[in-house]
>>> print(open('final-v5.cif').read())   # mmCIF, C-alpha atoms
data_final
loop_
_atom_site.label_atom_id
_atom_site.label_comp_id
_atom_site.auth_asym_id
_atom_site.auth_seq_id
_atom_site.Cartn_x
_atom_site.Cartn_y
_atom_site.Cartn_z
CA MET G 1 39.10 6.72 -58.98
CA ALA G 2 40.01 3.39 -57.37
CA ARG G 3 37.48 0.58 -56.96
CA ILE G 4 39.47 -0.67 -53.98
CA SER G 5 41.41 1.09 -51.26
CA TYR G 6 45.10 0.99 -52.11
CA ASP G 7 46.70 0.94 -48.67
CA ASP G 8 50.40 0.24 -48.14
CA GLN G 9 49.90 -3.54 -48.08
CA THR G 10 47.81 -3.55 -51.26
CA ALA G 11 50.24 -1.24 -53.05
CA ALA G 12 53.18 -3.47 -52.14
CA ALA G 13 51.25 -6.53 -53.34
CA PHE G 14 50.38 -4.72 -56.58
CA LYS G 15 54.02 -3.93 -57.27
CA ALA G 16 55.08 -7.48 -56.46
CA VAL G 17 52.61 -9.32 -58.71
CA ARG G 18 50.76 -6.95 -61.05
CA GLU G 19 53.69 -5.29 -62.78
CA ILE G 20 54.54 -7.07 -66.03
CA PRO G 21 58.26 -7.81 -66.54
CA ARG G 22 59.77 -5.28 -68.92
CA ASP G 23 60.78 -7.96 -71.44
CA GLY G 24 57.13 -8.98 -71.65
CA LEU G 25 56.12 -5.52 -72.90
CA GLU G 26 58.05 -5.31 -76.16
CA HIS G 27 54.86 -5.27 -78.25
CA TRP G 28 53.54 -2.38 -76.18
CA ARG G 29 56.80 -0.51 -76.70
CA ASP G 30 56.43 -0.90 -80.46
CA ALA G 31 52.74 0.06 -80.48
CA ILE G 32 53.36 3.13 -78.33
CA ARG G 33 56.22 4.20 -80.58
CA ARG G 34 53.96 4.00 -83.65
CA HIS G 35 51.19 6.14 -82.20
CA LEU G 36 53.11 8.56 -79.99
CA ASP G 37 56.19 9.07 -82.19
CA PRO G 38 58.27 9.79 -79.08
CA SER G 39 61.45 11.80 -79.01
CA PRO G 40 63.69 12.87 -76.11
CA GLY G 41 62.42 16.01 -74.46
CA MET G 42 58.74 15.16 -74.85
CA THR G 43 56.51 15.11 -71.78
CA VAL G 44 53.87 12.43 -71.20
CA ALA G 45 51.24 12.31 -68.48
CA ASP G 46 50.83 8.81 -67.06
CA ILE G 47 47.35 9.14 -65.57
CA GLY G 48 46.46 6.61 -62.89
CA ALA G 49 50.13 5.62 -62.86
CA GLY G 50 49.79 3.06 -60.07
CA THR G 51 53.22 1.89 -58.94
CA GLY G 52 54.95 3.48 -61.92
CA ALA G 53 55.72 0.46 -64.11
CA PHE G 54 54.85 2.27 -67.32
CA ALA G 55 56.31 5.56 -66.10
CA GLY G 56 59.63 3.78 -65.80
CA ALA G 57 59.17 2.11 -69.16
CA PHE G 58 58.40 5.37 -70.99
CA SER G 59 61.46 6.94 -69.42
CA ASP G 60 63.77 4.03 -70.25
CA TRP G 61 62.41 3.25 -73.72
CA PHE G 62 62.12 6.74 -75.12
CA GLY G 63 63.95 9.15 -72.81
CA LEU G 64 60.73 11.02 -72.05
CA ARG G 65 59.82 13.19 -69.10
CA VAL G 66 56.95 11.42 -67.34
CA LEU G 67 54.44 13.09 -65.04
CA ALA G 68 53.02 10.14 -63.09
CA VAL G 69 49.63 11.23 -61.73
CA GLU G 70 48.18 8.86 -59.12
CA PRO G 71 45.44 9.46 -56.50
CA SER G 72 46.62 6.84 -53.98
CA ALA G 73 49.44 7.96 -51.69
CA ALA G 74 50.41 4.32 -51.08
CA MET G 75 50.69 3.64 -54.81
CA ARG G 76 52.57 6.91 -55.44
CA ALA G 77 55.11 5.89 -52.83
CA GLN G 78 56.03 2.91 -55.06
CA ILE G 79 56.73 5.04 -58.17
CA PRO G 80 60.46 5.19 -58.99
CA ARG G 81 62.10 8.39 -57.74
CA ARG G 82 64.64 9.28 -60.39
CA ALA G 83 65.43 11.83 -63.04
CA GLY G 84 62.74 12.11 -65.66
CA ILE G 85 59.85 10.84 -63.51
CA GLU G 86 57.76 13.08 -61.27
CA ALA G 87 55.04 11.57 -59.05
CA LEU G 88 52.03 13.84 -58.54
CA ALA G 89 48.79 13.55 -56.56
CA GLY G 90 45.71 13.77 -58.76
CA ASP G 91 43.37 11.80 -60.97
CA ALA G 92 41.85 11.87 -64.43
CA GLY G 93 39.20 14.36 -63.36
CA ALA G 94 41.60 16.74 -61.62
CA LEU G 95 45.07 16.83 -63.16
CA PRO G 96 47.71 18.97 -61.40
CA LEU G 97 49.08 20.13 -64.76
CA PRO G 98 48.97 23.40 -66.71
CA ASP G 99 46.95 23.81 -69.89
CA GLY G 100 48.65 22.48 -73.02
CA SER G 101 51.62 21.09 -71.13
CA VAL G 102 51.96 17.46 -72.31
CA ASP G 103 52.71 15.71 -75.60
CA GLY G 104 50.59 12.68 -74.83
CA ALA G 105 48.44 11.05 -72.16
CA TRP G 106 48.75 7.39 -71.18
CA LEU G 107 46.07 5.56 -69.19
CA SER G 108 46.73 1.90 -68.39
CA LEU G 109 43.76 -0.05 -66.99
CA VAL G 110 42.32 3.16 -65.61
CA ILE G 111 39.13 4.00 -67.53
CA HIS G 112 36.94 1.58 -65.57
CA HIS G 113 37.87 3.45 -62.38
CA VAL G 114 36.75 6.85 -63.72
CA PRO G 115 33.25 7.84 -62.52
CA ASP G 116 32.66 10.64 -65.07
CA LEU G 117 34.29 9.87 -68.40
CA ALA G 118 33.16 13.06 -70.12
CA ALA G 119 34.57 15.25 -67.34
CA ALA G 120 37.84 13.29 -67.41
CA ALA G 121 38.01 13.65 -71.19
CA ARG G 122 37.67 17.43 -70.93
CA GLU G 123 40.35 17.57 -68.25
CA ILE G 124 42.73 15.41 -70.26
CA ARG G 125 42.09 17.50 -73.37
CA ARG G 126 42.91 20.63 -71.36
CA VAL G 127 46.45 19.49 -70.58
CA LEU G 128 47.27 18.16 -74.07
CA ARG G 129 49.18 20.13 -76.64
CA PRO G 130 47.42 20.44 -80.03
CA GLY G 131 47.42 17.13 -81.88
CA ALA G 132 48.76 15.14 -78.92
CA PRO G 133 47.28 11.65 -78.53
CA VAL G 134 45.54 9.86 -75.69
CA LEU G 135 46.60 6.20 -75.46
CA LEU G 136 44.42 3.81 -73.47
CA ARG G 137 45.61 0.31 -72.52
CA GLN G 138 42.37 -1.33 -71.52
CA GLY G 139 39.92 -4.19 -71.57
CA PHE G 140 36.55 -3.04 -72.85
CA ALA G 141 33.04 -4.40 -72.45
CA GLY G 142 32.00 -6.18 -75.60
CA ARG G 143 35.56 -7.18 -76.53
CA VAL G 144 36.16 -9.86 -73.91
CA ASP G 145 38.00 -12.92 -75.22
CA THR G 146 38.76 -15.28 -72.37
CA THR G 147 41.05 -17.38 -74.59
CA HIS G 148 43.39 -14.40 -74.95
CA THR G 149 43.01 -12.73 -71.55
CA PHE G 150 44.88 -14.32 -68.67
CA PRO G 151 43.77 -15.45 -66.06
CA TRP G 152 40.14 -15.11 -67.16
CA GLU G 153 40.23 -18.60 -68.67
CA PHE G 154 40.13 -19.85 -65.07
CA TYR G 155 37.78 -17.14 -63.82
CA PRO G 156 34.86 -16.59 -66.21
CA GLU G 157 33.24 -14.50 -63.48
CA ILE G 158 35.85 -11.80 -64.15
CA ALA G 159 34.94 -11.71 -67.83
CA GLN G 160 31.33 -11.18 -66.78
CA MET G 161 32.39 -8.35 -64.45
CA VAL G 162 34.05 -6.60 -67.38
CA THR G 163 30.97 -7.05 -69.54
CA ASP G 164 28.72 -5.73 -66.78
CA THR G 165 30.77 -2.87 -65.37
CA TYR G 166 33.48 -1.71 -67.81
CA PRO G 167 32.73 0.90 -70.48
CA SER G 168 32.68 -0.14 -74.12
CA VAL G 169 34.91 1.34 -76.81
CA GLU G 170 31.87 3.19 -78.13
CA GLN G 171 31.08 4.70 -74.72
CA VAL G 172 34.66 5.85 -74.25
CA CYS G 173 34.81 7.35 -77.75
CA GLU G 174 31.51 9.13 -77.19
CA ALA G 175 32.76 10.64 -73.93
CA PHE G 176 36.04 11.83 -75.46
CA ALA G 177 34.23 13.20 -78.51
CA THR G 178 32.59 15.75 -76.22
CA ALA G 179 36.10 17.09 -75.62
CA GLY G 180 36.97 17.11 -79.33
CA LEU G 181 39.03 13.90 -79.30
CA ARG G 182 38.21 11.24 -81.89
CA ARG G 183 39.16 7.61 -82.32
CA ASP G 184 42.40 7.35 -84.28
CA ALA G 185 43.24 3.66 -83.86
CA LEU G 186 42.18 0.49 -82.06
CA GLU G 187 44.33 -2.61 -81.93
CA ARG G 188 44.95 -5.61 -79.71
CA VAL G 189 48.42 -5.83 -78.25
CA PRO G 190 49.96 -8.96 -76.68
CA GLU G 191 52.02 -8.98 -73.50
CA THR G 192 53.99 -11.90 -72.10
CA LEU G 193 53.16 -12.64 -68.50
CA THR G 194 54.30 -15.50 -66.30
CA SER G 195 54.24 -19.28 -66.39
CA LEU G 196 51.17 -21.09 -65.10
CA ALA G 197 53.23 -22.45 -62.21
CA GLY G 198 54.56 -18.99 -61.41
CA PHE G 199 51.06 -17.55 -61.36
CA LEU G 200 49.79 -20.32 -59.08
CA ASP G 201 52.61 -19.56 -56.64
CA ARG G 202 51.49 -15.91 -56.48
CA ILE G 203 47.74 -16.20 -56.90
CA ASP G 204 46.83 -15.38 -53.30
CA THR G 205 48.89 -12.19 -53.41
CA PHE G 206 47.51 -11.43 -56.87
CA ARG G 207 43.97 -11.70 -55.54
CA HIS G 208 44.71 -9.12 -52.89
CA ALA G 209 46.15 -6.70 -55.47
CA ASP G 210 43.66 -7.12 -58.32
CA THR G 211 40.40 -5.18 -58.41
CA ASN G 212 38.43 -7.86 -60.21
CA MET G 213 39.74 -10.85 -58.28
CA ARG G 214 38.87 -9.14 -55.02
CA GLY G 215 35.30 -9.12 -56.29
CA LEU G 216 35.17 -12.91 -56.47
CA THR G 217 33.45 -14.94 -53.80
CA GLU G 218 35.61 -17.39 -51.88
CA GLU G 219 33.93 -20.25 -53.73
CA GLU G 220 34.63 -18.67 -57.14
CA PHE G 221 38.25 -17.96 -56.23
CA LEU G 222 38.91 -21.49 -54.99
CA ARG G 223 37.17 -23.07 -58.00
CA GLY G 224 39.38 -21.08 -60.38
CA LYS G 225 42.45 -21.89 -58.31
CA GLU G 226 41.69 -25.60 -58.64
CA LEU G 227 41.33 -25.27 -62.42
CA LEU G 228 44.67 -23.47 -62.45
CA ARG G 229 46.26 -26.19 -60.34
CA ARG G 230 45.10 -28.83 -62.84
CA ALA G 231 46.50 -26.79 -65.72
CA VAL G 232 49.83 -26.51 -63.92
CA ALA G 233 49.95 -30.28 -63.56
CA GLU G 234 49.78 -30.58 -67.36
CA HIS G 235 51.49 -27.42 -68.59
CA GLY G 236 53.24 -25.89 -65.57
CA ALA G 237 56.14 -24.29 -67.43
CA GLU G 238 53.97 -22.88 -70.21
CA THR G 239 54.13 -19.09 -70.43
CA ARG G 240 50.87 -17.21 -70.84
CA THR G 241 50.33 -14.29 -73.20
CA ASN G 242 47.65 -11.72 -72.48
CA TRP G 243 45.97 -9.42 -75.02
CA LEU G 244 44.55 -5.99 -74.24
CA ASP G 245 43.28 -3.19 -76.44
CA LEU G 246 45.14 -0.04 -77.30
CA LEU G 247 42.66 2.72 -78.09
CA VAL G 248 44.20 5.92 -79.47
CA LEU G 249 42.30 9.22 -79.57
CA ARG G 250 43.34 12.57 -81.04
#
>>> encode(input="final-v5.cif", output="structure tokens")
Amino acid sequence: MARISYDDQTAAAFKAVREIPRDGLEHWRDAIRRHLDPSPGMTVADIGAGTGAFAGAFSDWFGLRVLAVEPSAAMRAQIPRRAGIEALAGDAGALPLPDGSVDGAWLSLVIHHVPDLAAAAREIRRVLRPGAPVLLRQGFAGRVDTTHTFPWEFYPEIAQMVTDTYPSVEQVCEAFATAGLRRDALERVPETLTSLAGFLDRIDTFRHADTNMRGLTEEEFLRGKELLRRAVAEHGAETRTNWLDLLVLR
């Protein structure tokens, strides 16, 4: 699934700089509640769980049992080990779960890593209980807005990568339709990230942990870093808000 190799160093960097602080995710909590209608005792599959940030959030917010499925052993090692969260080896195309065993599937910034969307859709549909939703937190080709997606305002090359390599909403819906899952909702959800100054302090680590930033040339990275440095000089304490899509299928 992964576009980069998540070794121990990369996984540690990911956990240090890519996880959004919990208090910055309140709009996601509300959006998930609306579309999942969670209640204690429900089971959710967190597919491509990474270091387990959302697995922990689902557990804390809603008291759910979370099956955190992640192909990288280094990333799985970062997932919280506590009651209500189980870390499992697997990916969207090969889920280690029984048929009809989960009340919802959550995929956060995962779809662009999946090589065969239709096969993944069929596998996800297999493990869902009837009527259970699939919730995708994602940036999609054709819906790139650099003014609302941080830090793309400093790195237009990343926006172009998304346009060139990420699937569109229509492509994702078409793939999931082959498994009998249809678009139920699409909305943009804000998330509060870090200050400009805070991001500049961590940008080198962020580059190592971020799939798209690792695709930048050295010249592109340094040019964006200089633009960021100038922005910090003017608005260093300003907090940035990012917007991503929530696509819900049933």
>>> residues_around(input="final-v5.cif", residues="Ile47 of chain G", least_positions_apart="2", cutoff="9 Å", atoms="all atoms listed in the file", output="PyMOL selection string")
chain G and resi 45+49-50+67-70+90-92+95+105-108+110
>>> closest_residue(input="final-v5.cif", among="G:Asp103, G:Asp210, G:Asp30, G:Asp164", to="Gly131 of chain G", atoms="all atoms listed in the file")
G:Asp103
>>> closest_residue(input="final-v5.cif", among="G:Ala141, G:Ala87, G:Phe154, G:Gln160", to="Leu222 of chain G", atoms="all atoms listed in the file")
G:Phe154
>>> residues_around(input="final-v5.cif", residues="Asn212 of chain G", least_positions_apart="3", cutoff="9 Å", atoms="all atoms listed in the file", output="list in words")
Ile158, Met161, Val162, Arg207, Gly215 and Leu216 of chain G
>>> residues_around(input="final-v5.cif", residues="Ala73 of chain G", least_positions_apart="2", cutoff="12 Å", atoms="all atoms listed in the file", output="list in words")
Ala2, Ser5, Tyr6, Asp7, Asp8, Thr10, Ala11, Gly48, Ala49, Gly50, Thr51, Val69, Glu70, Pro71, Met75, Arg76, Ala77, Gln78, Ile79, Ala87, Leu88, Ala89, Gly90 and Asp91 of chain G
>>> atom_distance(input="final-v5.cif", atom1="atom CA of Arg22 of chain G", atom2="atom CA of Thr241 of chain G")
13.7 Å
>>> atom_distance(input="final-v5.cif", atom1="atom CA of Gly139 of chain G", atom2="atom CA of Leu117 of chain G")
15.5 Å
>>> closest_residue(input="final-v5.cif", among="G:Ala121, G:Leu109, G:Val144, G:Ile20", to="Thr192 of chain G", atoms="only C-alpha atoms")
G:Ile20
>>> resolve_selection(input="final-v5.cif", expression="the PyMOL selection byres ((chain G and resi 134) around 8)", output="mmCIF file with C-alpha atoms, keeping the file's coordinate frame")
data_model
loop_
_atom_site.group_PDB
_atom_site.id
_atom_site.type_symbol
_atom_site.label_atom_id
_atom_site.label_comp_id
_atom_site.auth_asym_id
_atom_site.auth_seq_id
_atom_site.Cartn_x
_atom_site.Cartn_y
_atom_site.Cartn_z
ATOM 1 C CA GLY G 104 50.590 12.680 -74.830
ATOM 2 C CA ALA G 105 48.440 11.050 -72.160
ATOM 3 C CA TRP G 106 48.750 7.390 -71.180
ATOM 4 C CA LEU G 107 46.070 5.560 -69.190
ATOM 5 C CA ALA G 132 48.760 15.140 -78.920
ATOM 6 C CA PRO G 133 47.280 11.650 -78.530
ATOM 7 C CA LEU G 135 46.600 6.200 -75.460
ATOM 8 C CA LEU G 136 44.420 3.810 -73.470
ATOM 9 C CA VAL G 248 44.200 5.920 -79.470
ATOM 10 C CA LEU G 249 42.300 9.220 -79.570
ATOM 11 C CA ARG G 250 43.340 12.570 -81.040
#
>>> atom_distance(input="final-v5.cif", atom1="atom CA of His112 of chain G", atom2="atom CA of Thr165 of chain G")
7.6 Å
>>> closest_residue(input="final-v5.cif", among="G:Gly180, G:Pro130, G:Pro156, G:Pro151", to="Ala231 of chain G", atoms="all atoms listed in the file")
G:Pro151
